[in-house]
Each structure stands twice: as C-alpha cells, then as structure tokens.
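Student: Below is the file upload28.cif, which contains mmCIF, C-alpha atoms.
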```
data_data
#
loop_
_atom_site.label_atom_id
_atom_site.label_comp_id
_atom_site.auth_asym_id
_atom_site.auth_seq_id
_atom_site.Cartn_x
_atom_site.Cartn_y
_atom_site.Cartn_z
CA MET P 1208 84.40 -11.62 133.37
CA ILE P 1209 82.77 -11.04 130.05
CA ASP P 1210 81.71 -14.10 128.13
CA ALA P 1211 82.80 -12.67 124.81
CA LEU P 1212 85.09 -13.04 121.83
CA MET P 1213 88.07 -14.39 123.70
CA THR P 1214 89.92 -15.24 121.83
CA SER P 1215 110.10 -8.51 116.29
CA GLY P 1216 116.71 -7.06 107.97
CA ILE P 1217 115.68 -10.38 110.27
CA SER P 1218 114.65 -10.58 113.82
CA ALA P 1219 116.10 -11.97 117.05
CA GLU P 1220 114.08 -15.13 116.67
CA VAL P 1221 115.92 -17.86 114.75
CA PRO P 1222 115.50 -21.55 114.03
CA ILE P 1223 116.18 -23.38 117.24
CA SER P 1224 117.97 -26.10 115.34
CA GLY P 1225 120.26 -23.57 113.61
CA GLY P 1226 121.49 -21.29 116.35
CA GLY P 1227 121.31 -20.10 119.89
CA ARG P 1228 121.77 -17.15 122.16
CA ARG P 1229 125.29 -15.88 122.95
CA MET P 1230 126.37 -14.94 126.45
CA ASP P 1231 126.21 -11.24 125.50
CA GLY P 1232 122.51 -11.55 124.69
CA GLY P 1233 122.88 -11.64 120.89
CA TRP P 1234 122.39 -14.59 118.61
CA TRP P 1235 124.67 -17.01 116.77
CA ARG P 1236 123.40 -19.27 114.05
CA ASN P 1237 124.27 -22.26 111.93
CA PRO P 1238 125.37 -21.06 108.44
CA ASP P 1239 123.03 -23.63 106.92
CA SER P 1240 119.97 -21.93 108.44
CA ILE P 1241 117.98 -19.19 106.73
CA GLY P 1242 119.09 -15.53 106.72
CA GLY P 1243 122.02 -13.58 108.18
CA SER P 1244 123.07 -12.54 111.65
CA PHE P 1245 120.40 -11.78 114.17
CA SER P 1246 119.98 -9.01 116.69
CA ALA P 1247 118.49 -9.34 120.14
CA SER P 1248 116.92 -5.87 119.93
CA SER P 1249 113.52 -7.24 118.97
CA HIS P 1250 113.09 -8.49 122.49
CA ARG P 1251 112.16 -5.00 123.59
CA CYS P 1252 108.58 -6.17 123.19
CA HIS P 1253 109.01 -8.81 125.88
CA HIS P 1254 108.00 -7.96 129.39
CA LYS P 1255 107.17 -10.07 132.39
CA GLN P 1256 103.45 -10.48 132.77
CA LYS P 1257 101.79 -9.39 135.96
CA HIS P 1258 98.82 -10.92 137.66
CA CYS P 1259 95.82 -8.71 138.12
CA ILE P 1260 92.26 -8.78 139.31
CA PRO P 1261 89.83 -9.77 136.54
CA ILE P 1262 87.44 -7.14 135.25
CA PRO P 1263 83.92 -7.10 136.69
CA GLN P 1264 80.83 -8.65 135.15
CA CYS P 1265 78.99 -6.44 132.71
CA GLY P 1266 75.77 -6.43 130.78
CA ALA P 1267 75.72 -7.44 127.14
CA LEU P 1268 74.81 -6.07 123.70
CA SER P 1269 74.92 -8.27 120.62
CA ILE P 1270 77.03 -7.03 117.67
CA SER P 1271 78.70 -8.62 114.65
CA PRO P 1272 81.31 -11.35 115.07
CA LEU P 1273 84.94 -10.32 114.87
CA LEU P 1274 86.74 -11.48 111.71
CA PHE P 1275 90.16 -10.93 110.15
CA HIS P 1276 90.50 -7.94 107.82
CA PRO P 1277 90.24 -9.45 104.32
CA HIS P 1278 92.84 -7.28 102.54
CA THR P 1279 95.32 -5.72 104.98
CA LYS P 1280 97.61 -8.56 105.95
CA GLY P 1281 101.23 -9.68 105.67
CA SER P 1282 102.49 -11.18 102.41
CA GLN P 1283 102.81 -14.66 103.95
CA ILE P 1284 99.25 -14.84 105.28
CA ILE P 1285 96.69 -17.21 103.79
CA MET P 1286 93.09 -16.66 104.94
CA ASP P 1287 90.11 -18.97 104.67
CA THR P 1288 86.88 -17.84 103.02
CA THR P 1289 85.13 -17.23 106.34
CA GLN P 1290 87.85 -14.72 107.43
CA LYS P 1291 88.06 -16.57 110.74
CA ALA P 1292 91.27 -18.57 110.20
CA VAL P 1293 94.71 -17.52 108.95
CA LYS P 1294 97.97 -19.39 108.37
CA ARG P 1295 101.52 -18.25 107.61
CA GLN P 1296 102.58 -20.10 104.48
CA ALA P 1297 106.40 -19.74 104.77
CA SER P 1298 109.24 -18.15 106.75
CA PHE P 1299 108.61 -16.89 110.31
CA CYS P 1300 107.44 -13.31 109.66
CA ASN P 1301 105.49 -11.11 107.21
CA ALA P 1302 102.32 -12.35 108.89
CA ILE P 1303 100.69 -9.29 110.50
CA THR P 1304 96.88 -9.31 110.53
CA PHE P 1305 94.11 -7.04 111.83
CA SER P 1306 90.47 -7.33 112.77
CA ASN P 1307 87.83 -6.36 110.23
CA ARG P 1308 86.11 -3.91 112.58
CA PRO P 1309 86.99 -1.84 115.65
CA ILE P 1310 86.77 -3.66 118.94
CA VAL P 1311 84.80 -2.40 121.93
CA ILE P 1312 86.46 -1.56 125.24
CA TYR P 1313 86.58 -4.79 127.30
CA GLU P 1314 85.72 -6.91 124.25
CA GLN P 1315 87.72 -10.11 124.43
CA VAL P 1316 89.51 -11.06 121.22
CA ARG P 1317 89.47 -14.81 121.55
CA LEU P 1318 91.56 -17.06 119.32
CA LYS P 1319 92.79 -20.62 119.10
CA ILE P 1320 96.32 -21.60 118.09
CA THR P 1321 95.75 -24.09 115.28
CA LYS P 1322 99.32 -24.65 114.05
CA LYS P 1323 102.74 -24.58 115.73
CA GLN P 1324 106.06 -24.77 113.85
CA CYS P 1325 108.82 -25.83 116.19
CA CYS P 1326 111.83 -24.82 114.08
CA TRP P 1327 111.48 -21.18 115.16
CA SER P 1328 111.57 -19.25 118.41
CA GLY P 1329 109.34 -16.37 119.40
CA ALA P 1330 105.57 -16.56 119.21
CA LEU P 1331 102.34 -14.72 118.54
CA ARG P 1332 102.33 -10.92 118.97
CA LEU P 1333 99.06 -9.42 120.17
CA GLY P 1334 97.82 -5.87 120.52
CA PHE P 1335 95.77 -3.03 119.06
CA THR P 1336 95.99 -0.17 116.59
CA SER P 1337 94.14 3.11 116.19
CA LYS P 1338 94.92 3.05 112.44
CA ASP P 1339 92.06 1.82 110.28
CA PRO P 1340 93.43 -1.27 108.49
CA SER P 1341 91.37 -0.34 105.42
CA ARG P 1342 93.56 2.75 105.08
CA ILE P 1343 96.84 0.82 105.39
CA ASN P 1344 98.54 -0.32 102.19
CA PRO P 1345 99.44 -3.99 102.77
CA ASP P 1346 102.67 -3.47 100.79
CA THR P 1347 103.85 -1.03 103.47
CA LEU P 1348 103.46 -3.47 106.35
CA PRO P 1349 106.79 -4.30 108.03
CA LYS P 1350 108.00 -7.85 108.59
CA TYR P 1351 107.42 -7.70 112.32
CA ALA P 1352 104.89 -6.14 114.66
CA CYS P 1353 107.65 -5.97 117.26
CA PRO P 1354 109.67 -3.83 117.12
CA ASP P 1355 108.89 -2.39 113.66
CA LEU P 1356 105.19 -1.65 113.83
CA VAL P 1357 105.04 -0.69 117.49
CA SER P 1358 107.72 1.97 116.88
CA GLN P 1359 105.09 3.83 114.86
CA SER P 1360 102.41 5.99 116.43
CA GLY P 1361 99.07 4.29 116.96
CA PHE P 1362 100.30 0.71 117.29
CA TRP P 1363 100.65 -1.28 120.51
CA ALA P 1364 101.66 -4.95 120.72
CA LYS P 1365 103.66 -7.46 122.71
CA ALA P 1366 104.87 -11.05 122.34
CA LEU P 1367 102.95 -13.87 123.93
CA PRO P 1368 105.28 -15.92 126.15
CA GLU P 1369 106.45 -18.96 124.20
CA GLU P 1370 105.28 -21.41 126.84
CA PHE P 1371 101.69 -20.45 126.02
CA ALA P 1372 102.05 -20.88 122.25
CA ASN P 1373 100.94 -24.50 122.06
CA GLU P 1374 98.50 -25.93 119.52
CA GLY P 1375 94.99 -26.00 120.91
CA ASN P 1376 95.54 -23.22 123.44
CA ILE P 1377 92.83 -20.56 123.48
CA ILE P 1378 94.13 -17.03 124.03
CA ALA P 1379 91.91 -14.09 124.91
CA PHE P 1380 93.07 -10.46 125.14
CA TRP P 1381 91.28 -7.16 125.66
CA VAL P 1382 91.81 -3.52 126.58
CA ASP P 1383 90.08 -1.62 129.38
CA LYS P 1384 89.06 2.03 129.44
CA LYS P 1385 92.39 2.98 131.11
CA GLY P 1386 94.36 1.56 128.17
CA ARG P 1387 95.55 -1.55 130.01
CA VAL P 1388 95.70 -4.76 127.98
CA PHE P 1389 94.98 -8.05 129.71
CA TYR P 1390 95.18 -11.63 128.52
CA ARG P 1391 94.35 -15.13 129.63
CA VAL P 1392 95.25 -18.59 128.35
CA ASN P 1393 92.47 -21.18 128.36
CA ASP P 1394 90.79 -20.90 131.75
CA SER P 1395 93.70 -19.25 133.58
CA ALA P 1396 93.35 -16.10 135.64
CA ALA P 1397 93.55 -12.83 133.70
CA MET P 1398 97.03 -11.21 133.61
CA LEU P 1399 98.17 -7.68 132.81
CA PHE P 1400 99.95 -7.78 129.42
CA PHE P 1401 100.93 -4.12 128.86
CA SER P 1402 99.46 -0.63 129.14
CA GLY P 1403 99.51 2.75 127.42
CA VAL P 1404 96.91 2.17 124.71
CA ARG P 1405 95.00 5.30 123.73
CA THR P 1406 91.33 4.45 124.06
CA ALA P 1407 89.87 7.79 122.94
CA GLU P 1408 90.02 6.57 119.33
CA PRO P 1409 88.59 3.45 117.66
CA LEU P 1410 90.85 0.42 118.08
CA TRP P 1411 91.34 -2.61 115.84
CA ALA P 1412 92.88 -5.88 117.03
CA LEU P 1413 96.43 -6.59 115.81
CA ILE P 1414 97.63 -10.21 115.57
CA ASP P 1415 101.09 -11.09 114.24
CA VAL P 1416 101.27 -14.82 113.40
CA TYR P 1417 104.97 -14.98 114.22
CA GLY P 1418 107.69 -17.56 114.87
CA LEU P 1419 106.44 -20.68 116.59
CA THR P 1420 102.84 -19.73 115.86
CA ARG P 1421 101.89 -20.60 112.29
CA GLY P 1422 98.09 -20.62 112.38
CA VAL P 1423 95.28 -19.12 114.44
CA GLN P 1424 91.49 -19.05 114.35
CA LEU P 1425 89.15 -16.42 115.77
CA LEU P 1426 86.48 -17.92 117.99
CA GLY P 1427 83.00 -17.12 119.15
CA GLU P 1428 80.58 -14.28 118.92
CA TYR P 1429 80.70 -10.92 120.64
CA LEU P 1430 78.61 -9.81 123.58
CA GLY P 1431 79.48 -6.19 124.32
CA PRO P 1432 79.72 -5.01 127.93
CA ASP P 1433 77.57 -2.21 129.24
CA VAL P 1434 80.44 -0.08 130.58
CA GLN P 1435 80.02 3.59 131.44
CA GLY P 1436 82.81 6.20 131.06
#
```
Please go through the file and, once you have read it, give me the structure as structure tokens.
Tutor:
Amino acid sequence: MIDALMTSGISAEVPISGGGRRMDGGWWRNPDSIGGSFSASSHRCHHKQKHCIPIPQCGALSISPLLFHPHTKGSQIIMDTTQKAVKRQASFCNAITFSNRPIVIYEQVRLKITKKQCCWSGALRLGFTSKDPSRINPDTLPKYACPDLVSQSGFWAKALPEEFANEGNIIAFWVDKKGRVFYRVNDSAAMLFFSGVRTAEPLWALIDVYGLTRGVQLLGEYLGPDVQG
C-alpha cells in the first residue's frame, strides 16, 4: 500500500433532534427545525461498501503536497491560510470543496475529520471530478455533491458511512487505473467505495463537508507510485 496523501430545495439528511425517517422511507420533521419537508432521494449515493484486496506496493516520486482549491468552494466553507483545513460555518450543506491540483492514479487523498456536528445526519461525501475547479464558477456549485453534482457529467462521489465520521478519524481514498475508488479509515483494510470513474482525463479530488462532518484537514505529503499503464 502506498504511503501517501491518505487522507445529497433540502436534502434527505435532517437534524436528528428534529425529525426521523418514516416507514415509507421518506422523512418527517419537527416544525421547529430548519427548512421544509425532506426527500429520501438523496440516498441514491449510498451503497454498501465491499471489501477488497489492497493495491500492491509501488515505487515513489516526490511531487507537491495536495491542498484545497483556494477559490472554488461552497458558500459556507471557511479555509485557513495554508489551504489544508476547511470548516463549514453554518447549515449542513453548501460546503463542496476540491483539490488545488489533479491527483495521480493511486494517490491517496488523506484527511482528518476535525469537527463533528451531531445535530445532523449524513456525513462527508468523497470522490473525484474531471472538471478543472479553476474553470468552475463557485456561484454555480449546487448545495450537495450527492445527488446534485454527481448527476452532472464528470463528477463521481459517494457518502462516507456515518459510523466512520467521528472526530479524529483519518480517511484515505484513491482511484486506480480501472476507475475503482477505494477507501480506508485509520488503519483498517482498504474497501471498494464505488467504480466507474473515467481515468483517461486529469482528476481532482472532490470533498463535500456535509451533515455530521463540519471540518476536515488534508494530511501529509505525496509520494507518487510508479505504475505502468
């Protein structure tokens, strides 16, 4: 395994204290909580993770550290001056972020959950895009990566299971040359997250600081694998 950067109108996720899920799969909510009625359709981004065999060891090539893109980000995102840490300042959405440079196949995007806000449900959305964030107008970003952004061509993302969205957890995710995205939590075994990413084009990391997850920090430096084909 490479020792590298390891690091859902209103959605189906609602304040836990203000509502719950109906028997038909939709949502009910306390009228004192924020927003209107909620749909369960956003859960199309949820899939059961599958265990897989970790990728093989590779050689290494030093390149620049991965940072957050300084300008293309959701309206609720606050970023520190190092571009390594972001926090959602209010609500539970409008917090989509991207990496500042394209990632390399097998590069692990490694991040730490620095802040959890328990009044929401749903958690971090992770994935990739073939759209250069520098060419995306931040004002056109939707509220949610899932399902809004992933319904557009060139965006792939999925929700991290809520049980893994605890403060202090270190999440790493990466894409292989077949377009399969894997992830691991802390020192757990690698798991298949989703597939279907087009790898013939440059890819930027996509991180939606959603729901329970209020703050994250990118960790480490990148050592690029020597992978052929």
Student: Find the residue from P:Val1311, P:Leu1367, P:Ala1397, P:Arg1332 that sits nearest to P:Pro1354; use all atoms listed in the file when measuring.
Tutor: P:Arg1332
Student: Step by step, work through what the PyMOL selection byres ((chain P and resi 1409) around 10) selects in the shown file, and finish by giving those residues as a list in words.
Tutor: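 Output from the PyMOL selection byres ((chain P and resi 1409) around 10), applied to this file: Arg1308, Pro1309, Ile1310, Val1311, Ile1312, Phe1335, Thr1336, Ser1337, Lys1338, Asp1339, Arg1405, Thr1406, Ala1407, Glu1408, Leu1410 and Trp1411 of chain P.
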Student: The selected residues should be written to file as an mmCIF file, in the frame of the given file (atoms: C-alpha atoms).
Tutor:
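Output below, filename part_27.cif:
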```
data_model
loop_
_atom_site.group_PDB
_atom_site.id
_atom_site.type_symbol
_atom_site.label_atom_id
_atom_site.label_comp_id
_atom_site.auth_asym_id
_atom_site.auth_seq_id
_atom_site.Cartn_x
_atom_site.Cartn_y
_atom_site.Cartn_z
ATOM 1 C CA ARG P 1308 86.110 -3.910 112.580
ATOM 2 C CA PRO P 1309 86.990 -1.840 115.650
ATOM 3 C CA ILE P 1310 86.770 -3.660 118.940
ATOM 4 C CA VAL P 1311 84.800 -2.400 121.930
ATOM 5 C CA ILE P 1312 86.460 -1.560 125.240
ATOM 6 C CA PHE P 1335 95.770 -3.030 119.060
ATOM 7 C CA THR P 1336 95.990 -0.170 116.590
ATOM 8 C CA SER P 1337 94.140 3.110 116.190
ATOM 9 C CA LYS P 1338 94.920 3.050 112.440
ATOM 10 C CA ASP P 1339 92.060 1.820 110.280
ATOM 11 C CA ARG P 1405 95.000 5.300 123.730
ATOM 12 C CA THR P 1406 91.330 4.450 124.060
ATOM 13 C CA ALA P 1407 89.870 7.790 122.940
ATOM 14 C CA GLU P 1408 90.020 6.570 119.330
ATOM 15 C CA LEU P 1410 90.850 0.420 118.080
ATOM 16 C CA TRP P 1411 91.340 -2.610 115.840
#
```
Student: Find, counting all atoms listed in the file, the residue in P:Asn1344, P:Asn1301, P:Gln1315, P:Thr1279 that gets nearest to P:Ile1378.
Tutor: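 Nearest candidate to P:Ile1378 out of P:Asn1344, P:Asn1301, P:Gln1315, P:Thr1279: P:Gln1315.
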Student: Do you know which residues are at most 8 Å from P:Ser1402 counting all atoms listed in the file, after dropping those on the same chain fewer than 4 positions away, and could you put them as JSON, numbers by chain?
Tutor: {"P": [1386, 1387, 1388]}
Student: Which residues of stretch 1281-1359 of chain P sit at most 7 Å from stretch 1418-1429 of chain P, using all atoms listed in the file? Give each one's shortest atom pair and distance in Å (one decimal place), in chain and ascending residue order, as a Markdown table.
Tutor:
```
| residue | atom | partner | partner_atom | distance |
| --- | --- | --- | --- | --- |
| P:Lys1291 | CA | P:Leu1425 | CA | 5.1 |
| P:Ala1292 | CA | P:Gln1424 | CA | 4.2 |
| P:Val1293 | CA | P:Gly1422 | CA | 5.7 |
| P:Lys1294 | CA | P:Gly1422 | CA | 4.2 |
| P:Arg1295 | CA | P:Arg1421 | CA | 5.2 |
| P:Phe1299 | CA | P:Gly1418 | CA | 4.7 |
| P:Cys1300 | CA | P:Gly1418 | CA | 6.7 |
| P:Arg1317 | CA | P:Leu1426 | CA | 5.6 |
| P:Leu1318 | CA | P:Leu1425 | CA | 4.3 |
| P:Lys1319 | CA | P:Gln1424 | CA | 5.2 |
| P:Ile1320 | CA | P:Val1423 | CA | 4.5 |
| P:Thr1321 | CA | P:Val1423 | CA | 5.1 |
| P:Lys1322 | CA | P:Gly1422 | CA | 4.5 |
| P:Lys1323 | CA | P:Thr1420 | CA | 4.9 |
| P:Gln1324 | CA | P:Leu1419 | CA | 4.9 |
| P:Cys1325 | CA | P:Leu1419 | CA | 5.7 |
| P:Trp1327 | CA | P:Gly1418 | CA | 5.2 |
| P:Ser1328 | CA | P:Gly1418 | CA | 5.5 |
| P:Gly1329 | CA | P:Gly1418 | CA | 5.0 |
| P:Ala1330 | CA | P:Gly1418 | CA | 4.9 |
| P:Leu1331 | CA | P:Thr1420 | CA | 5.7 |
```
Student: So, counting all atoms listed in the file, which residue among P:Ala1364, P:Pro1340, P:Gln1290, P:Val1316 is closest to P:Arg1391?
Tutor: P:Val1316
Student: Just the residues within 10 Å of P:Ile1303, please, counting all atoms listed in the file, with nothing from its chain fewer than 3 positions along; format it as a VMD selection string.
Tutor: chain P and resid 1279 to 1284 1295 1300 1331 to 1333 1345 1348 to 1352 1356 1413 to 1417
Student: Please provide the set of residues having any atom within 6 Å of P:Ser1306, restricted to all atoms listed in the file, with same-chain residues fewer than 3 positions apart removed, written as a PyMOL selection string.
Tutor: chain P and resi 1274-1276+1411-1412
Student: Quick one: distance from atom CA of P:Lys1365 to atom CA of P:Thr1288 in Å, one decimal?
Tutor: 27.9 Å
Student: May I ask you to restore N, CA and C atoms in stretch 1380-1399 of chain P and write the result as a compact mmCIF listing (two decimals), in the coordinates of the input?
Tutor:
```txt
# COMPACT_ATOMS: atom_id res chain seq x y z
N PHE P 1380 92.45 -11.72 124.70
CA PHE P 1380 93.07 -10.46 125.14
C PHE P 1380 92.10 -9.32 124.90
N TRP P 1381 92.20 -8.29 125.73
CA TRP P 1381 91.28 -7.16 125.66
C TRP P 1381 91.92 -5.93 126.28
N VAL P 1382 91.32 -4.78 126.04
CA VAL P 1382 91.81 -3.52 126.58
C VAL P 1382 90.70 -2.88 127.42
N ASP P 1383 91.09 -2.29 128.55
CA ASP P 1383 90.08 -1.62 129.38
C ASP P 1383 90.08 -0.12 129.10
N LYS P 1384 89.21 0.61 129.74
CA LYS P 1384 89.06 2.03 129.44
C LYS P 1384 90.27 2.86 129.87
N LYS P 1385 91.16 2.30 130.70
CA LYS P 1385 92.39 2.98 131.11
C LYS P 1385 93.56 2.66 130.17
N GLY P 1386 93.32 1.89 129.13
CA GLY P 1386 94.36 1.56 128.17
C GLY P 1386 95.25 0.41 128.59
N ARG P 1387 94.80 -0.37 129.57
CA ARG P 1387 95.55 -1.55 130.01
C ARG P 1387 95.07 -2.76 129.22
N VAL P 1388 96.04 -3.56 128.75
CA VAL P 1388 95.70 -4.76 127.98
C VAL P 1388 95.93 -5.99 128.85
N PHE P 1389 94.94 -6.82 128.91
CA PHE P 1389 94.98 -8.05 129.71
C PHE P 1389 94.89 -9.26 128.78
N TYR P 1390 95.35 -10.40 129.28
CA TYR P 1390 95.18 -11.63 128.52
C TYR P 1390 95.01 -12.81 129.46
N ARG P 1391 94.45 -13.87 128.91
CA ARG P 1391 94.35 -15.13 129.63
C ARG P 1391 94.57 -16.26 128.65
N VAL P 1392 95.02 -17.40 129.17
CA VAL P 1392 95.25 -18.59 128.35
C VAL P 1392 94.32 -19.68 128.85
N ASN P 1393 93.48 -20.18 127.99
CA ASN P 1393 92.47 -21.18 128.36
C ASN P 1393 91.65 -20.65 129.53
N ASP P 1394 91.60 -21.35 130.62
CA ASP P 1394 90.79 -20.90 131.75
C ASP P 1394 91.63 -20.30 132.88
N SER P 1395 92.84 -19.83 132.55
CA SER P 1395 93.70 -19.25 133.58
C SER P 1395 93.16 -17.91 134.05
N ALA P 1396 93.71 -17.42 135.16
CA ALA P 1396 93.35 -16.10 135.64
C ALA P 1396 93.84 -15.04 134.65
N ALA P 1397 93.13 -13.93 134.57
CA ALA P 1397 93.55 -12.83 133.70
C ALA P 1397 94.86 -12.23 134.21
N MET P 1398 95.75 -11.83 133.27
CA MET P 1398 97.03 -11.21 133.61
C MET P 1398 97.19 -9.91 132.85
N LEU P 1399 97.86 -8.94 133.48
CA LEU P 1399 98.17 -7.68 132.81
C LEU P 1399 99.26 -7.93 131.78
```
